[in-house]
>>> print(open('model01.txt').read())   # compact mmCIF, C-alpha atoms
# COMPACT_ATOMS: atom_id res chain seq x y z
CA MET A 26 -1.27 -37.92 -23.70
CA ILE A 27 -1.92 -36.20 -20.39
CA SER A 28 -3.77 -39.26 -19.06
CA ALA A 29 -0.52 -41.24 -19.26
CA ILE A 30 1.32 -38.84 -16.96
CA PRO A 31 0.80 -39.11 -13.19
CA PRO A 32 -1.14 -36.03 -11.96
CA GLU A 33 1.48 -35.40 -9.27
CA LEU A 34 4.17 -35.05 -11.93
CA THR A 35 1.97 -32.78 -14.03
CA GLU A 36 1.27 -30.55 -11.02
CA ARG A 37 4.96 -30.42 -10.18
CA THR A 38 5.77 -29.38 -13.75
CA LEU A 39 3.03 -26.75 -13.80
CA SER A 40 4.26 -25.31 -10.50
CA LEU A 41 7.38 -24.18 -12.37
CA CYS A 42 5.34 -22.20 -14.89
CA HIS A 43 3.82 -18.72 -14.85
CA PRO A 44 0.14 -18.64 -13.75
CA ARG A 45 -0.87 -17.41 -17.22
CA ASP A 46 0.71 -20.50 -18.77
CA VAL A 47 -1.08 -22.71 -16.25
CA ALA A 48 -4.39 -21.08 -17.20
CA ALA A 49 -3.63 -21.66 -20.89
CA PHE A 50 -2.83 -25.31 -20.18
CA ALA A 51 -6.17 -25.72 -18.40
CA GLN A 52 -7.97 -24.77 -21.61
CA THR A 53 -6.46 -27.59 -23.64
CA CYS A 54 -8.84 -30.33 -22.48
CA ARG A 55 -11.32 -31.26 -19.75
CA ARG A 56 -8.81 -33.38 -17.86
CA ALA A 57 -6.34 -30.48 -17.74
CA TYR A 58 -9.07 -28.13 -16.54
CA VAL A 59 -10.07 -30.49 -13.72
CA LEU A 60 -6.44 -30.94 -12.69
CA VAL A 61 -5.83 -27.18 -12.52
CA TYR A 62 -9.11 -25.90 -11.10
CA ARG A 63 -10.90 -28.87 -9.51
CA SER A 64 -8.10 -30.54 -7.57
CA SER A 65 -8.98 -31.87 -4.12
CA ASP A 66 -6.27 -29.68 -2.61
CA GLN A 67 -4.68 -26.37 -3.62
CA TYR A 68 -1.10 -27.62 -3.80
CA LEU A 69 -0.57 -26.25 -7.30
CA TRP A 70 -1.94 -22.76 -6.67
CA ARG A 71 -0.35 -22.53 -3.23
CA THR A 72 3.03 -23.35 -4.77
CA LEU A 73 2.51 -20.88 -7.63
CA PHE A 74 1.56 -18.18 -5.14
CA LEU A 75 4.48 -18.66 -2.76
CA THR A 76 7.06 -19.01 -5.56
CA TYR A 77 5.81 -16.01 -7.54
CA PRO A 78 6.91 -14.93 -4.89
CA PHE A 79 4.52 -13.50 -2.30
CA ASP A 80 4.57 -13.59 1.50
CA ASP A 81 2.61 -16.40 3.11
CA PRO A 82 -0.78 -14.90 4.11
CA ARG A 83 -1.33 -17.65 6.69
CA LEU A 84 1.27 -16.16 9.01
CA PRO A 85 0.32 -13.58 11.66
CA THR A 86 1.04 -10.04 10.47
CA GLY A 87 0.86 -8.15 13.75
CA SER A 88 -2.54 -6.52 13.36
CA SER A 89 -3.93 -10.04 12.98
CA SER A 90 -2.49 -12.18 15.76
CA SER A 91 -4.06 -15.42 14.55
CA PRO A 92 -2.96 -17.11 11.31
CA HIS A 93 -5.30 -17.34 8.35
CA SER A 94 -6.04 -21.04 7.88
CA LYS A 95 -8.40 -20.75 4.89
CA VAL A 96 -6.79 -19.17 1.84
CA ASP A 97 -8.17 -19.27 -1.68
CA TRP A 98 -4.74 -19.43 -3.31
CA CYS A 99 -6.10 -19.53 -6.85
CA ALA A 100 -8.36 -16.48 -6.51
CA LYS A 101 -5.74 -14.49 -4.59
CA LEU A 102 -3.01 -15.12 -7.17
CA GLN A 103 -5.34 -14.47 -10.10
CA ARG A 104 -6.28 -11.08 -8.62
CA ARG A 105 -2.64 -10.07 -8.27
CA VAL A 106 -1.72 -11.18 -11.78
CA ARG A 107 -4.75 -9.28 -13.05
CA ALA A 108 -3.57 -6.22 -11.10
CA GLU A 109 -0.28 -6.35 -13.00
CA ARG A 110 -2.20 -6.30 -16.27
CA ILE A 111 -4.31 -3.35 -15.08
CA ALA A 112 -1.12 -1.49 -14.15
CA ARG A 113 0.21 -1.87 -17.69
CA ARG A 114 -2.98 -1.35 -19.68
CA ASP A 115 -5.45 0.30 -17.27
CA GLY A 116 -8.75 -1.29 -16.28
CA ASP A 117 -10.69 -1.71 -13.04
CA ARG A 118 -8.78 0.75 -10.86
CA ARG A 119 -10.82 0.01 -7.76
CA GLU A 120 -9.86 -3.67 -7.90
CA PHE A 121 -6.25 -2.65 -8.53
CA VAL A 122 -6.14 -0.46 -5.40
CA ASP A 123 -7.90 -3.15 -3.32
CA VAL A 124 -5.30 -5.73 -4.35
CA LEU A 125 -2.39 -3.44 -3.46
CA LEU A 126 -3.88 -2.61 -0.06
CA GLU A 127 -4.49 -6.30 0.66
CA CYS A 128 -0.95 -7.13 -0.37
CA THR A 129 0.40 -4.42 1.95
CA ARG A 130 -1.72 -5.65 4.88
CA GLU A 131 -0.47 -9.21 4.39
CA ALA A 132 3.21 -8.27 4.22
CA ALA A 133 5.40 -10.47 6.38
CA PRO A 134 6.49 -9.04 9.74
CA TRP A 135 9.79 -7.18 9.69
CA ALA A 136 12.91 -9.18 10.50
CA PRO A 137 16.62 -8.29 10.22
CA HIS A 138 17.95 -8.70 6.66
CA GLU A 139 14.64 -10.15 5.45
CA SER A 140 12.67 -8.23 2.87
CA SER A 141 8.98 -8.63 2.15
CA HIS A 142 8.00 -10.14 -1.20
CA ASN A 143 4.66 -8.32 -0.96
CA VAL A 144 6.26 -4.92 -0.44
CA SER A 145 8.72 -5.54 -3.28
CA TRP A 146 5.86 -6.49 -5.60
CA VAL A 147 3.74 -3.46 -4.70
CA THR A 148 6.71 -1.16 -5.21
CA THR A 149 7.50 -2.73 -8.58
CA VAL A 150 3.91 -2.41 -9.78
CA LEU A 151 3.64 1.22 -8.68
CA THR A 152 6.87 2.21 -10.42
CA LEU A 153 6.20 0.64 -13.81
CA GLU A 154 7.51 3.11 -16.35
CA ALA A 155 5.26 1.61 -19.01
CA SER A 156 2.08 2.36 -17.06
CA PRO A 157 -0.02 5.07 -18.72
CA TRP A 158 -1.81 6.16 -15.55
CA ILE A 159 -0.32 5.07 -12.21
CA GLU A 160 1.98 7.99 -11.43
CA GLN A 161 -0.60 10.69 -12.04
CA PHE A 162 -3.52 8.82 -10.50
CA LEU A 163 -2.05 7.13 -7.45
CA ARG A 164 1.09 9.06 -6.63
CA LEU A 165 1.02 12.75 -7.51
CA GLY A 166 -2.38 13.27 -9.10
CA LEU A 167 -5.32 15.17 -7.64
CA PHE A 168 -8.92 13.93 -7.73
CA GLU A 169 -10.52 16.70 -9.74
CA SER A 170 -12.71 14.60 -12.02
CA SER A 171 -16.16 13.77 -10.68
CA SER A 172 -15.93 10.36 -12.40
CA LEU A 173 -13.11 9.38 -10.03
CA LYS A 174 -14.76 10.42 -6.76
CA HIS A 175 -15.82 6.85 -5.95
CA LEU A 176 -12.16 5.79 -6.06
CA ALA A 177 -10.81 8.64 -3.98
CA SER A 178 -11.09 7.07 -0.52
CA ASP A 179 -9.32 3.80 -1.41
CA ALA A 180 -6.66 5.60 -3.42
CA GLU A 181 -6.05 8.10 -0.61
CA LYS A 182 -5.70 5.18 1.79
CA LEU A 183 -3.00 3.68 -0.41
CA ARG A 184 -1.29 7.05 -0.73
CA ALA A 185 -1.26 7.41 3.03
CA HIS A 186 0.49 4.04 3.29
CA LEU A 187 3.05 5.11 0.68
CA ALA A 188 3.79 8.41 2.48
CA LEU A 189 5.34 9.84 -0.72
CA SER A 190 8.05 7.18 -0.49
CA LEU A 191 8.00 6.74 -4.27
CA ASP A 192 7.97 10.49 -4.97
CA HIS A 193 11.11 11.99 -3.52
CA GLY A 194 11.18 15.08 -5.69
CA HIS A 195 14.90 14.75 -6.38
CA GLY A 196 16.18 14.46 -9.92
CA THR A 197 12.69 14.01 -11.37
CA GLU A 198 10.98 15.87 -14.16
CA PRO A 199 9.94 19.49 -13.58
CA GLU A 200 6.28 18.53 -14.03
CA ALA A 201 6.50 15.98 -11.21
CA LEU A 202 8.24 18.50 -8.95
CA GLU A 203 5.52 21.03 -9.62
CA ARG A 204 2.79 18.47 -8.87
CA LEU A 205 4.56 17.67 -5.62
CA LYS A 206 4.50 21.35 -4.65
CA VAL A 207 0.82 21.60 -5.52
CA LEU A 208 0.06 18.46 -3.53
CA ARG A 209 1.87 19.90 -0.50
CA ARG A 210 -0.01 23.19 -0.79
CA VAL A 211 -3.39 21.45 -1.09
CA SER A 212 -2.55 19.16 1.84
CA ARG A 213 -1.59 22.11 4.02
CA ALA A 214 -4.89 23.77 3.18
CA ARG A 215 -6.70 20.64 4.33
CA VAL A 216 -4.69 20.13 7.52
CA TYR A 217 -4.59 23.75 8.69
CA ASP A 218 -8.23 24.52 7.93
CA LEU A 219 -9.80 24.47 11.40
CA ARG A 220 -13.24 23.94 9.91
CA ASN A 221 -12.21 20.36 9.12
CA TYR A 222 -12.12 19.56 12.85
CA THR A 223 -15.59 19.27 14.32
CA ARG A 224 -17.27 17.77 17.35
CA GLU A 225 -19.14 15.28 15.12
CA ALA A 226 -15.80 14.02 13.79
CA HIS A 227 -14.30 13.86 17.30
CA TRP A 228 -11.99 16.76 16.40
CA GLY A 229 -9.93 14.45 14.24
CA PRO A 230 -9.54 12.98 10.74
CA PHE A 231 -12.82 11.10 10.74
CA THR A 232 -16.04 11.28 8.75
CA SER A 233 -18.81 13.61 9.84
CA ALA A 234 -20.44 10.69 11.67
CA GLY A 235 -17.19 10.09 13.53
CA ASN A 236 -17.26 6.33 12.98
CA CYS A 237 -14.95 5.98 9.96
CA VAL A 238 -11.47 7.14 9.09
CA ASN A 239 -11.35 9.97 6.58
CA TRP A 240 -8.45 8.72 4.47
CA SER A 241 -8.32 11.87 2.39
CA HIS A 242 -7.67 13.84 5.57
CA ILE A 243 -5.17 11.23 6.82
CA ASN A 244 -3.27 11.38 3.54
CA ALA A 245 -3.12 15.17 3.74
CA ILE A 246 -1.66 14.89 7.26
CA VAL A 247 0.87 12.28 6.14
CA THR A 248 1.88 14.45 3.18
CA VAL A 249 2.43 17.53 5.34
CA ILE A 250 4.41 15.59 7.94
CA THR A 251 6.50 13.74 5.34
CA MET A 252 7.44 16.94 3.53
CA ASN A 253 8.32 18.60 6.84
CA LEU A 254 10.50 15.63 7.76
CA ARG A 255 12.29 15.91 4.44
CA ASP A 256 12.92 19.59 5.07
CA PHE A 257 14.48 18.66 8.40
CA GLY A 258 16.76 16.31 6.46
CA VAL A 259 20.12 15.37 7.95
CA HIS A 260 19.31 16.98 11.30
CA TRP A 261 17.38 13.91 12.42
CA PRO A 262 19.16 11.88 15.14
CA LYS A 263 19.91 8.55 13.48
CA GLU A 264 18.20 6.47 16.17
CA PHE A 265 14.98 8.47 15.80
CA LYS A 266 14.92 9.00 12.04
CA PRO A 267 11.43 7.94 10.88
CA ARG A 268 11.41 4.74 8.88
CA ALA A 269 8.73 6.17 6.60
CA THR A 270 11.33 8.55 5.17
CA ILE A 271 13.86 5.72 4.74
CA GLN A 272 12.05 2.53 3.86
CA GLY A 273 8.72 3.57 2.40
CA LEU A 274 6.23 0.71 2.50
CA GLU A 275 8.62 -1.28 4.67
CA ALA A 276 7.39 0.93 7.53
CA CYS A 277 3.93 -0.64 7.14
CA ARG A 278 5.22 -4.06 8.21
CA ALA A 279 4.59 -5.27 11.73
CA TYR A 280 7.60 -4.88 14.06
CA SER A 281 9.24 -2.35 11.71
CA ALA A 282 9.50 0.32 14.42
CA PRO A 283 13.01 0.59 15.95
CA GLU A 284 13.81 -1.93 18.68
CA THR A 285 10.33 -3.51 18.40
CA LEU A 286 11.71 -7.03 18.35
CA LYS A 287 13.11 -6.44 21.84
CA ARG A 288 9.69 -5.55 23.22
CA SER A 289 6.58 -7.50 24.11
CA PRO A 290 5.24 -9.58 21.18
CA LEU A 291 1.93 -7.77 21.65
CA ASP A 292 3.57 -4.43 20.85
CA TRP A 293 3.94 -5.18 17.12
CA ALA A 294 3.42 -1.51 16.22
CA GLY A 295 6.12 -0.27 18.61
CA VAL A 296 3.96 2.24 20.47
CA GLU A 297 5.03 1.46 24.03
CA GLY A 298 8.02 3.00 25.78
CA HIS A 299 9.62 6.43 25.46
CA TRP A 300 8.64 8.90 22.77
CA MET A 301 10.57 11.85 21.38
CA ARG A 302 8.22 14.83 21.29
CA ILE A 303 8.75 17.33 18.51
CA VAL A 304 6.68 20.51 18.43
CA CYS A 305 6.16 22.25 15.12
CA PHE A 306 4.64 25.69 15.41
CA CYS A 307 2.51 26.74 12.48
CA ASP A 308 2.74 30.40 11.53
CA TYR A 309 -0.66 31.74 12.58
CA ARG A 310 -0.78 33.89 9.47
CA TYR A 311 -0.73 30.69 7.39
CA ALA A 312 -3.34 29.00 9.59
CA SER A 313 -5.60 32.02 9.19
CA LEU A 314 -4.98 32.12 5.45
CA PHE A 315 -5.79 28.44 4.93
CA SER A 316 -8.85 28.53 7.16
CA ARG A 317 -10.23 31.58 5.39
CA ARG A 318 -9.57 30.67 1.76
CA ALA A 319 -9.53 26.88 1.61
CA HIS A 320 -13.22 26.62 0.74
CA GLU A 321 -13.56 29.77 -1.32
>>> encode(input="model01.txt", output="structure tokens")
Amino acid sequence: MISAIPPELTERTLSLCHPRDVAAFAQTCRRAYVLVYRSSDQYLWRTLFLTYPFDDPRLPTGSSSSPHSKVDWCAKLQRRVRAERIARRDGDRREFVDVLLECTREAAPWAPHESSHNVSWVTTVLTLEASPWIEQFLRLGLFESSSLKHLASDAEKLRAHLALSLDHGHGTEPEALERLKVLRRVSRARVYDLRNYTREAHWGPFTSAGNCVNWSHINAIVTVITMNLRDFGVHWPKEFKPRATIQGLEACRAYSAPETLKRSPLDWAGVEGHWMRIVCFCDYRYASLFSRRAHE
């Protein structure tokens, strides 16, 4: 009987199991439920979370310089396991996108020869071949259905983080290549349409009130820039080659910019120092075309 086994030993044994098995064990009796969900500490769920594995969210991630002391390990792990199920079967897509964005934000800072468990997990989830909806919805799809409008902003934010890193357009199916071309054309229409830059939006990719980021506009900019960088290809000087075209989501980690570890700890994004300026002239005939027809 479970009452004859020391709770520390039971917790240690459960920490070697999958969270779904732990949840099933908790349903066997009241004592098991209390041990799993009502423990005075979160040793079990903290261990399950870190050995899944995920990066430790208590550590500073650059944008947040102070560690997170209070973590609901159980709720956080349950959300991520649930996101895996949504990826395979579909479900609450808003929760799914929220979980992936949170996981990306909490990725461990970049360090030589050290990968991020969070980034690896997000990449794995987004490339599930068995998923019936992810590729079209989150990677190369367009938000044409009015029923998906409420998800557009969060999904565009995730797409902007991905920067087409999972959609290279090489050796893929013709349908995916065609969607990539359409996405580039639509993004150009958004970026080069001068009517999308107004005084109210501070002449940038912000909402009409100017107080929030317009992630749809940001994603269009990222798409245009990423495709242009790919066209430039091997001509990039190695020391300046953008990490977004090499490492994908790895470029979202703090200190991932080149030589950042040699700079001030406060410069986690690598924005100080010398910049290489590259000017890309847009053919004015295209700018005129996009500005005239984009909203027709």
>>> atom_distance(input="model01.txt", atom1="atom CA of Ala48 of chain A", atom2="atom CA of Tyr77 of chain A")
14.9 Å
>>> closest_atom_pairs(input="model01.txt", of="segment 223-282 of chain A", to="segment 199-214 of chain A", cutoff="9 Å", atoms="all atoms listed in the file", output="tab-separated table")
residue	atom	partner	partner_atom	distance
A:His242	CA	A:Ser212	CA	8.3
A:Asn244	CA	A:Ser212	CA	8.0
A:Ala245	CA	A:Ser212	CA	4.5
A:Ile246	CA	A:Ser212	CA	7.0
A:Val247	CA	A:Ser212	CA	8.8
A:Thr248	CA	A:Arg209	CA	6.6
A:Val249	CA	A:Arg213	CA	6.2
A:Met252	CA	A:Arg209	CA	7.5
>>> atom_distance(input="model01.txt", atom1="atom CA of Ala294 of chain A", atom2="atom CA of Ala136 of chain A")
13.5 Å
>>> closest_residue(input="model01.txt", among="A:Ala188, A:Pro44, A:Phe79, A:Val96", to="Ile250 of chain A", atoms="only C-alpha atoms")
A:Ala188
>>> residues_around(input="model01.txt", residues="Glu120 of chain A", least_positions_apart="5", cutoff="10 Å", atoms="all atoms listed in the file", output="ChimeraX atom specification")
/A:104-105,107-108,111,125-126,176,179
>>> atom_distance(input="model01.txt", atom1="atom CA of Glu181 of chain A", atom2="atom CA of Gln103 of chain A")
24.5 Å
>>> residues_around(input="model01.txt", residues="Gly295 of chain A", least_positions_apart="4", cutoff="8 Å", atoms="all atoms listed in the file", output="ChimeraX atom specification")
/A:280-285,288
>>> closest_residue(input="model01.txt", among="A:Val122, A:Ala180, A:Val106, A:Ala29", to="Asn239 of chain A", atoms="all atoms listed in the file")
A:Ala180
>>> residues_around(input="model01.txt", residues="segment 58-70 of chain A", least_positions_apart="5", cutoff="7 Å", atoms="all atoms listed in the file", output="list of chain:residue names")
A:Glu36, A:Ser40, A:Ala51, A:Gln52, A:Trp98, A:Cys99
>>> residues_near_point(input="model01.txt", point="(-9.7, 20.4, 15.3)", cutoff="6 Å", atoms="all atoms listed in the file", output="PyMOL selection string")
chain A and resi 219+222+228
>>> write_last_selection(input="model01.txt", atoms="C-alpha atoms", output="PDB file, keeping the file's coordinate frame")
ATOM      1  CA  LEU A 219      -9.800  24.470  11.400  1.00  0.00           C
ATOM      2  CA  TYR A 222     -12.120  19.560  12.850  1.00  0.00           C
ATOM      3  CA  TRP A 228     -11.990  16.760  16.400  1.00  0.00           C
TER       4      TRP A 228
END
>>> closest_residue(input="model01.txt", among="A:Ala177, A:Leu191, A:Ala49, A:Val216", to="Glu160 of chain A", atoms="all atoms listed in the file")
A:Leu191
